[in-house]
$ cat final-v8.cif   # mmCIF, C-alpha atoms
data_target
#
loop_
_atom_site.label_atom_id
_atom_site.label_comp_id
_atom_site.auth_asym_id
_atom_site.auth_seq_id
_atom_site.Cartn_x
_atom_site.Cartn_y
_atom_site.Cartn_z
CA MET A 58 -169.74 93.89 121.17
CA LEU A 59 -168.27 90.87 119.48
CA ARG A 60 -164.96 89.91 121.05
CA MET A 61 -162.81 87.30 119.36
CA ARG A 62 -159.25 86.10 119.36
CA CYS A 63 -158.23 85.18 115.84
CA ASP A 64 -155.48 82.70 115.06
CA PHE A 65 -154.01 82.93 111.56
CA HIS A 66 -150.87 82.41 109.51
CA SER A 67 -148.68 85.39 108.63
CA ASP A 68 -146.61 85.28 105.46
CA ALA A 69 -144.48 88.18 106.71
CA LEU A 70 -143.66 86.39 109.96
CA LYS A 71 -143.60 82.91 108.42
CA LEU A 72 -145.53 81.55 111.38
CA ALA A 73 -148.94 81.39 113.03
CA THR A 74 -149.89 84.34 115.22
CA SER A 75 -152.94 85.94 116.86
CA MET A 76 -154.92 89.12 117.14
CA THR A 77 -157.81 90.12 119.37
CA VAL A 78 -160.65 91.97 117.64
CA LEU A 79 -163.62 93.91 118.98
CA LEU A 80 -166.51 94.54 116.59
CA PRO A 81 -169.63 96.63 117.25
CA GLN A 82 -172.85 94.67 117.71
CA ARG A 83 -176.42 95.70 116.95
CA PRO A 84 -178.04 97.25 120.04
CA SER A 85 -180.23 94.98 122.12
CA ALA A 86 -182.89 95.96 124.65
CA SER A 87 -182.03 92.87 126.68
CA GLN A 88 -178.40 93.88 127.22
CA ILE A 89 -178.06 95.83 130.44
CA GLY A 90 -175.54 98.59 131.04
CA MET A 91 -173.86 98.53 127.62
CA ALA A 92 -174.42 101.24 125.03
CA SER A 93 -174.00 100.51 121.33
CA GLY A 94 -172.95 102.82 118.53
CA PHE A 95 -173.41 100.12 115.91
CA ARG A 96 -173.18 101.27 112.30
CA PRO A 97 -174.53 98.97 109.56
CA SER A 98 -171.62 99.87 107.28
CA GLY A 99 -168.38 101.83 107.29
CA THR A 100 -167.32 100.89 110.82
CA PRO A 101 -164.28 102.96 111.88
CA VAL A 102 -161.33 100.98 113.22
CA LEU A 103 -158.64 101.55 115.83
CA TYR A 104 -155.43 99.54 115.75
CA LEU A 105 -154.43 99.32 119.42
CA LEU A 106 -150.85 98.21 120.07
CA HIS A 107 -149.33 96.49 123.10
CA GLY A 108 -146.11 97.12 124.99
CA LEU A 109 -142.87 95.18 125.37
CA SER A 110 -143.95 92.66 128.01
CA ASP A 111 -147.48 92.01 126.71
CA ASP A 112 -149.54 90.47 123.91
CA ASP A 113 -152.76 91.07 121.98
CA THR A 114 -154.97 90.24 124.98
CA ILE A 115 -153.53 92.79 127.39
CA TRP A 116 -155.72 95.81 126.64
CA GLY A 117 -158.82 93.70 127.27
CA ARG A 118 -157.41 92.29 130.51
CA ARG A 119 -156.06 95.49 132.03
CA THR A 120 -158.60 98.10 130.84
CA SER A 121 -162.30 98.38 129.96
CA ILE A 122 -161.55 99.13 126.32
CA GLU A 123 -164.54 97.08 125.14
CA ARG A 124 -166.91 99.24 127.18
CA TYR A 125 -165.18 102.47 126.15
CA VAL A 126 -165.51 101.85 122.41
CA SER A 127 -168.95 100.22 122.42
CA GLU A 128 -170.98 103.43 122.33
CA LEU A 129 -168.63 104.88 119.69
CA GLY A 130 -169.33 102.09 117.22
CA LEU A 131 -165.59 101.62 116.89
CA ALA A 132 -163.90 98.35 115.92
CA VAL A 133 -160.59 97.60 117.64
CA VAL A 134 -157.81 95.41 116.24
CA MET A 135 -155.12 94.37 118.72
CA PRO A 136 -152.27 92.43 117.05
CA GLN A 137 -149.47 90.46 118.65
CA VAL A 138 -145.87 91.40 117.81
CA HIS A 139 -143.90 90.01 120.78
CA ARG A 140 -140.80 92.10 121.68
CA SER A 141 -140.17 93.31 118.13
CA PHE A 142 -140.60 97.08 118.52
CA TYR A 143 -142.81 96.87 115.47
CA SER A 144 -139.70 96.45 113.34
CA ASP A 145 -138.21 93.91 110.96
CA VAL A 146 -135.83 92.39 113.48
CA VAL A 147 -132.30 91.55 112.37
CA SER A 148 -132.16 88.37 114.47
CA GLY A 149 -134.38 85.71 112.90
CA ASP A 150 -137.29 85.91 110.46
CA GLY A 151 -139.41 88.42 112.35
CA ALA A 152 -140.55 90.88 109.67
CA TYR A 153 -142.86 92.58 112.15
CA TRP A 154 -142.85 95.96 110.43
CA SER A 155 -143.93 94.37 107.16
CA PHE A 156 -146.58 92.48 109.10
CA ILE A 157 -148.04 95.45 110.98
CA ALA A 158 -147.74 98.03 108.20
CA ASP A 159 -148.86 96.02 105.18
CA GLU A 160 -150.05 92.47 105.80
CA LEU A 161 -152.31 93.06 108.80
CA PRO A 162 -154.39 95.93 107.33
CA GLN A 163 -155.08 93.85 104.23
CA LEU A 164 -156.07 90.84 106.33
CA VAL A 165 -158.43 93.01 108.40
CA ALA A 166 -159.99 94.52 105.27
CA ASP A 167 -160.48 91.04 103.78
CA SER A 168 -161.93 89.53 106.95
CA PHE A 169 -164.16 92.16 108.59
CA GLN A 170 -166.68 94.74 107.48
CA VAL A 171 -164.70 97.75 108.62
CA SER A 172 -163.96 100.94 106.76
CA THR A 173 -160.66 101.25 104.90
CA ARG A 174 -161.00 105.01 104.48
CA ARG A 175 -158.24 107.12 105.99
CA GLU A 176 -160.71 109.28 107.90
CA ASP A 177 -162.08 106.16 109.65
CA THR A 178 -158.73 104.57 110.59
CA PHE A 179 -156.76 105.27 113.77
CA VAL A 180 -153.80 103.81 115.65
CA ALA A 181 -152.62 104.06 119.25
CA GLY A 182 -150.48 102.14 121.69
CA LEU A 183 -148.64 102.18 125.00
CA SER A 184 -144.91 102.20 125.63
CA MET A 185 -143.40 100.12 122.80
CA GLY A 186 -146.86 100.33 121.21
CA GLY A 187 -146.80 104.13 121.40
CA TYR A 188 -143.61 103.97 119.35
CA GLY A 189 -145.32 101.60 116.92
CA ALA A 190 -148.33 103.89 116.56
CA PHE A 191 -146.23 106.96 115.73
CA LYS A 192 -144.01 104.91 113.44
CA LEU A 193 -147.09 103.91 111.45
CA ALA A 194 -148.33 107.51 111.43
CA LEU A 195 -145.03 108.84 110.06
CA HIS A 196 -144.44 106.09 107.51
CA ARG A 197 -148.06 105.50 106.40
CA PRO A 198 -149.64 108.97 106.73
CA ASP A 199 -152.07 108.24 103.91
CA ARG A 200 -153.67 105.45 105.93
CA PHE A 201 -154.42 107.01 109.34
CA ALA A 202 -156.48 110.01 110.40
CA ALA A 203 -154.96 110.15 113.89
CA ALA A 204 -152.37 108.42 116.07
CA GLY A 205 -151.92 108.28 119.83
CA SER A 206 -148.99 107.42 122.08
CA LEU A 207 -149.39 106.61 125.76
CA SER A 208 -146.04 106.63 127.59
CA GLY A 209 -144.39 105.92 124.26
CA VAL A 210 -140.76 105.01 123.62
CA LEU A 211 -140.58 107.82 121.08
CA ASP A 212 -136.77 108.08 121.06
CA VAL A 213 -135.54 104.54 120.49
CA ALA A 214 -132.00 105.69 119.73
CA ALA A 215 -131.76 106.80 123.35
CA MET A 216 -132.30 103.19 124.43
CA VAL A 217 -128.89 102.37 122.98
CA THR A 218 -127.03 105.43 124.27
CA GLU A 219 -128.55 104.95 127.73
CA ASP A 220 -127.82 101.18 127.57
CA ARG A 221 -131.45 100.39 128.37
CA ARG A 222 -132.86 97.03 127.25
CA PRO A 223 -129.61 96.03 125.47
CA GLU A 224 -130.88 92.49 124.86
CA VAL A 225 -133.85 93.94 122.97
CA THR A 226 -131.95 96.51 120.94
CA ARG A 227 -129.39 93.93 119.79
CA THR A 228 -132.11 91.47 118.76
CA VAL A 229 -134.13 94.08 116.91
CA TRP A 230 -131.45 96.35 115.41
CA GLY A 231 -128.14 94.55 115.86
CA ASP A 232 -124.93 96.20 117.02
CA ASP A 233 -125.48 99.39 115.00
CA GLY A 234 -128.77 100.29 116.69
CA PRO A 235 -131.65 102.28 115.22
CA GLU A 236 -130.13 105.78 115.22
CA GLY A 237 -130.39 107.46 111.84
CA THR A 238 -132.50 104.69 110.31
CA ASP A 239 -136.15 104.50 109.30
CA ASP A 240 -136.85 103.13 112.80
CA ASP A 241 -135.58 106.32 114.44
CA LEU A 242 -138.66 108.55 114.73
CA LEU A 243 -136.68 111.72 115.40
CA HIS A 244 -134.70 111.04 112.21
CA VAL A 245 -137.87 110.31 110.22
CA LEU A 246 -139.34 113.66 111.30
CA ASP A 247 -136.76 115.34 109.05
CA ARG A 248 -138.23 113.72 105.94
CA VAL A 249 -142.00 113.84 106.40
CA ASP A 250 -144.42 116.41 104.97
CA PRO A 251 -146.01 118.09 108.01
CA THR A 252 -149.16 118.87 106.01
CA ALA A 253 -149.70 115.20 105.11
CA LEU A 254 -149.43 113.70 108.60
CA PRO A 255 -152.30 112.36 110.71
CA ARG A 256 -153.23 114.24 113.86
CA LEU A 257 -150.78 113.28 116.61
CA TRP A 258 -151.60 112.98 120.33
CA THR A 259 -149.28 111.91 123.11
CA THR A 260 -149.34 111.73 126.89
CA CYS A 261 -147.00 110.48 129.60
CA GLY A 262 -146.84 110.40 133.38
CA THR A 263 -144.57 112.91 135.08
CA ASP A 264 -143.12 110.10 137.21
CA ASP A 265 -142.49 107.89 134.16
CA PRO A 266 -138.83 107.68 132.99
CA LEU A 267 -140.14 107.84 129.41
CA VAL A 268 -141.45 111.37 129.85
CA ALA A 269 -138.07 112.56 128.55
CA ASN A 270 -138.71 110.56 125.35
CA GLN A 271 -141.98 112.39 124.83
CA ARG A 272 -140.43 115.79 125.44
CA ARG A 273 -137.62 115.17 122.94
CA PHE A 274 -140.08 114.00 120.29
CA VAL A 275 -142.42 116.95 120.79
CA GLU A 276 -139.55 119.42 120.69
CA ALA A 277 -138.13 117.84 117.52
CA ALA A 278 -141.56 117.88 115.88
CA ALA A 279 -142.04 121.55 116.78
CA ARG A 280 -138.71 122.47 115.15
CA ARG A 281 -140.02 120.91 111.95
CA GLY A 282 -143.38 122.63 112.10
CA ILE A 283 -145.27 119.47 113.06
CA GLU A 284 -148.12 119.99 115.49
CA VAL A 285 -148.46 117.45 118.29
CA THR A 286 -151.15 117.52 120.98
CA ALA A 287 -149.06 116.65 124.03
CA ASP A 288 -149.62 116.68 127.75
CA GLU A 289 -148.21 115.29 130.96
CA HIS A 290 -150.14 114.15 134.01
CA PRO A 291 -149.15 112.81 137.42
CA GLY A 292 -148.56 109.09 137.02
CA ARG A 293 -146.17 106.24 136.43
CA HIS A 294 -145.61 103.60 133.74
CA SER A 295 -148.68 101.69 134.85
CA TRP A 296 -152.10 100.44 133.84
CA ASP A 297 -154.05 102.84 136.00
CA PHE A 298 -152.51 105.65 133.95
CA TRP A 299 -153.17 103.94 130.58
CA ASP A 300 -156.73 102.96 131.48
CA THR A 301 -157.49 106.60 132.26
CA HIS A 302 -155.73 108.11 129.28
CA VAL A 303 -156.93 105.76 126.58
CA GLN A 304 -160.33 107.22 127.42
CA ARG A 305 -158.89 110.71 126.94
CA PHE A 306 -157.51 109.66 123.57
CA LEU A 307 -160.91 108.34 122.49
CA GLU A 308 -162.51 111.61 123.56
CA TRP A 309 -159.88 113.55 121.59
CA LEU A 310 -160.80 111.59 118.45
CA GLU A 311 -164.31 113.10 118.67
CA LEU A 312 -166.07 110.09 117.16
CA GLY A 313 -169.32 110.33 119.11
#

$ encode --input "final-v8.cif" --output "structure tokens"
Amino acid sequence: MLRMRCDFHSDALKLATSMTVLLPQRPSASQIGMASGFRPSGTPVLYLLHGLSDDDTIWGRRTSIERYVSELGLAVVMPQVHRSFYSDVVSGDGAYWSFIADELPQLVADSFQVSTRREDTFVAGLSMGGYGAFKLALHRPDRFAAAGSLSGVLDVAAMVTEDRRPEVTRTVWGDDGPEGTDDDLLHVLDRVDPTALPRLWTTCGTDDPLVANQRRFVEAAARRGIEVTADEHPGRHSWDFWDTHVQRFLEWLELG
């Protein structure tokens, strides 16, 4: 596969930023131990989102994502959003929601030969990135065929009530917090059309404090008639869990 880190200017963020991109490569008999699902056109694309303490390089450094997607012929776009919770933060000029939801997909479409069809476009992420993936799925259902959350912070309002990460919640949402806003996924569930949503998949470790977030989201979705493929497995908030379960997510997509 082609692996590149792209530096570019973002109008939404008003600064230079980066993304790491994986693109399928034509198969070669001289390349040992690496399968290729290269497609000459219409390459499907996965937007893969990082967590609170990481950046766009982390999936490539902590997992074998390049090897996992190679035989699927799947492009992967991994953007950098710092500690923004994929939101337009109230402190500073960080319009990260505008960046991830609108500017980035257009930049990718302009720059790479990947499909822009809904049925070829997917999003997933871990922790803060799991929140970002489901936020995109709920707010841009016409763009994604499926979304995945791994140990996702799916109930951000609870971060405020539980006084977790107060320095982050104040920077992103101010003193009022996200409850009842478009950033509150449980609130957004009340307004979406269940028949128009992408397929939703979520997993979390049973020893992960965020498993309660997943359970509340799944229960709220069920009350609204929204189907979510959800499971729990032994594990913590750690890379061994995410490396295993990103493979399960890819299998669930059934792209092969």

$ closest_atom_pairs --input "final-v8.cif" --of "range 260-313 of chain A" --to "range 121-131 of chain A" --cutoff "12 Å" --atoms "only C-alpha atoms" --output "Markdown table"
| residue | atom | partner | partner_atom | distance |
| --- | --- | --- | --- | --- |
| A:Trp296 | CA | A:Ser121 | CA | 11.1 |
| A:Asp297 | CA | A:Ser121 | CA | 11.2 |
| A:Trp299 | CA | A:Ile122 | CA | 10.6 |
| A:Asp300 | CA | A:Ser121 | CA | 7.4 |
| A:Thr301 | CA | A:Ser121 | CA | 9.8 |
| A:His302 | CA | A:Ile122 | CA | 11.1 |
| A:Val303 | CA | A:Ile122 | CA | 8.1 |
| A:Gln304 | CA | A:Tyr125 | CA | 6.9 |
| A:Arg305 | CA | A:Tyr125 | CA | 10.4 |
| A:Phe306 | CA | A:Tyr125 | CA | 10.8 |
| A:Leu307 | CA | A:Val126 | CA | 8.0 |
| A:Glu308 | CA | A:Tyr125 | CA | 9.9 |
| A:Leu310 | CA | A:Leu129 | CA | 10.4 |
| A:Glu311 | CA | A:Leu129 | CA | 9.3 |
| A:Leu312 | CA | A:Leu129 | CA | 6.3 |
| A:Gly313 | CA | A:Leu129 | CA | 5.5 |

$ residues_around --input "final-v8.cif" --residues "Ala181 in chain A" --least-positions-apart "2" --cutoff "8 Å" --atoms "all atoms listed in the file" --output "VMD selection string"
chain A and resid 103 to 106 179 183 186 to 187 190 to 191 204 to 207

$ closest_residue --input "final-v8.cif" --among "A:Arg293, A:Arg200, A:Arg280, A:His244" --to "Arg256 in chain A" --atoms "only C-alpha atoms"
A:Arg200

$ residues_around --input "final-v8.cif" --residues "Asp150 in chain A" --least-positions-apart "5" --cutoff "10 Å" --atoms "only C-alpha atoms" --output "PDB file with C-alpha atoms, keeping the file's coordinate frame"
ATOM      1  CA  ALA A  69    -144.480  88.180 106.710  1.00  0.00           C
ATOM      2  CA  LEU A  70    -143.660  86.390 109.960  1.00  0.00           C
ATOM      3  CA  LYS A  71    -143.600  82.910 108.420  1.00  0.00           C
ATOM      4  CA  LEU A  72    -145.530  81.550 111.380  1.00  0.00           C
ATOM      5  CA  ASP A 145    -138.210  93.910 110.960  1.00  0.00           C
TER       6      ASP A 145
END

$ resolve_selection --input "final-v8.cif" --expression "the PyMOL selection byres ((chain A and resi 216) around 12)" --output "list of chain:residue names"
A:Phe142, A:Met185, A:Val210, A:Leu211, A:Asp212, A:Val213, A:Ala214, A:Ala215, A:Val217, A:Thr218, A:Glu219, A:Asp220, A:Arg221, A:Arg222, A:Pro223, A:Glu224, A:Val225, A:Thr226, A:Arg227, A:Val229, A:Trp230, A:Gly234, A:Pro235, A:Glu236, A:Asp241, A:Pro266, A:Leu267, A:Ala269, A:Asn270

$ resolve_selection --input "final-v8.cif" --expression "the PyMOL selection byres ((chain A and resi 285) around 10)" --output "ChimeraX atom specification"
/A:205,255-259,274-276,278-279,282-284,286-288

$ closest_residue --input "final-v8.cif" --among "A:Ser148, A:Leu109, A:Gln137, A:Asp68" --to "Gly231 in chain A" --atoms "all atoms listed in the file"
A:Ser148

$ closest_residue --input "final-v8.cif" --among "A:Gly262, A:His66, A:Arg272, A:Arg96" --to "Pro84 in chain A" --atoms "all atoms listed in the file"
A:Arg96

$ residues_around --input "final-v8.cif" --residues "Asp239 in chain A" --least-positions-apart "5" --cutoff "9 Å" --atoms "only C-alpha atoms" --output "PyMOL selection string"
chain A and resi 192+196+244-245

$ resolve_selection --input "final-v8.cif" --expression "the PyMOL selection byres ((chain A and resi 199) around 8)" --output "PDB file with C-alpha atoms, keeping the file's coordinate frame"
ATOM      1  CA  ARG A 175    -158.240 107.120 105.990  1.00  0.00           C
ATOM      2  CA  ARG A 197    -148.060 105.500 106.400  1.00  0.00           C
ATOM      3  CA  PRO A 198    -149.640 108.970 106.730  1.00  0.00           C
ATOM      4  CA  ARG A 200    -153.670 105.450 105.930  1.00  0.00           C
ATOM      5  CA  PHE A 201    -154.420 107.010 109.340  1.00  0.00           C
ATOM      6  CA  ALA A 253    -149.700 115.200 105.110  1.00  0.00           C
ATOM      7  CA  LEU A 254    -149.430 113.700 108.600  1.00  0.00           C
ATOM      8  CA  PRO A 255    -152.300 112.360 110.710  1.00  0.00           C
TER       9      PRO A 255
END

$ atom_distance --input "final-v8.cif" --atom1 "CA of His290 in chain A" --atom2 "CA of Cys261 in chain A"
6.5 Å

$ atom_distance --input "final-v8.cif" --atom1 "CA of Leu243 in chain A" --atom2 "CA of Asp112 in chain A"
26.3 Å

$ closest_residue --input "final-v8.cif" --among "A:Asp232, A:Asp240, A:Ala152, A:Arg281" --to "Leu193 in chain A" --atoms "all atoms listed in the file"
A:Asp240

$ atom_distance --input "final-v8.cif" --atom1 "CA of Val133 in chain A" --atom2 "CA of His294 in chain A"
22.8 Å

$ residues_around --input "final-v8.cif" --residues "range 159-174 of chain A" --least-positions-apart "5" --cutoff "7 Å" --atoms "all atoms listed in the file" --output "ChimeraX atom specification"
/A:99-102
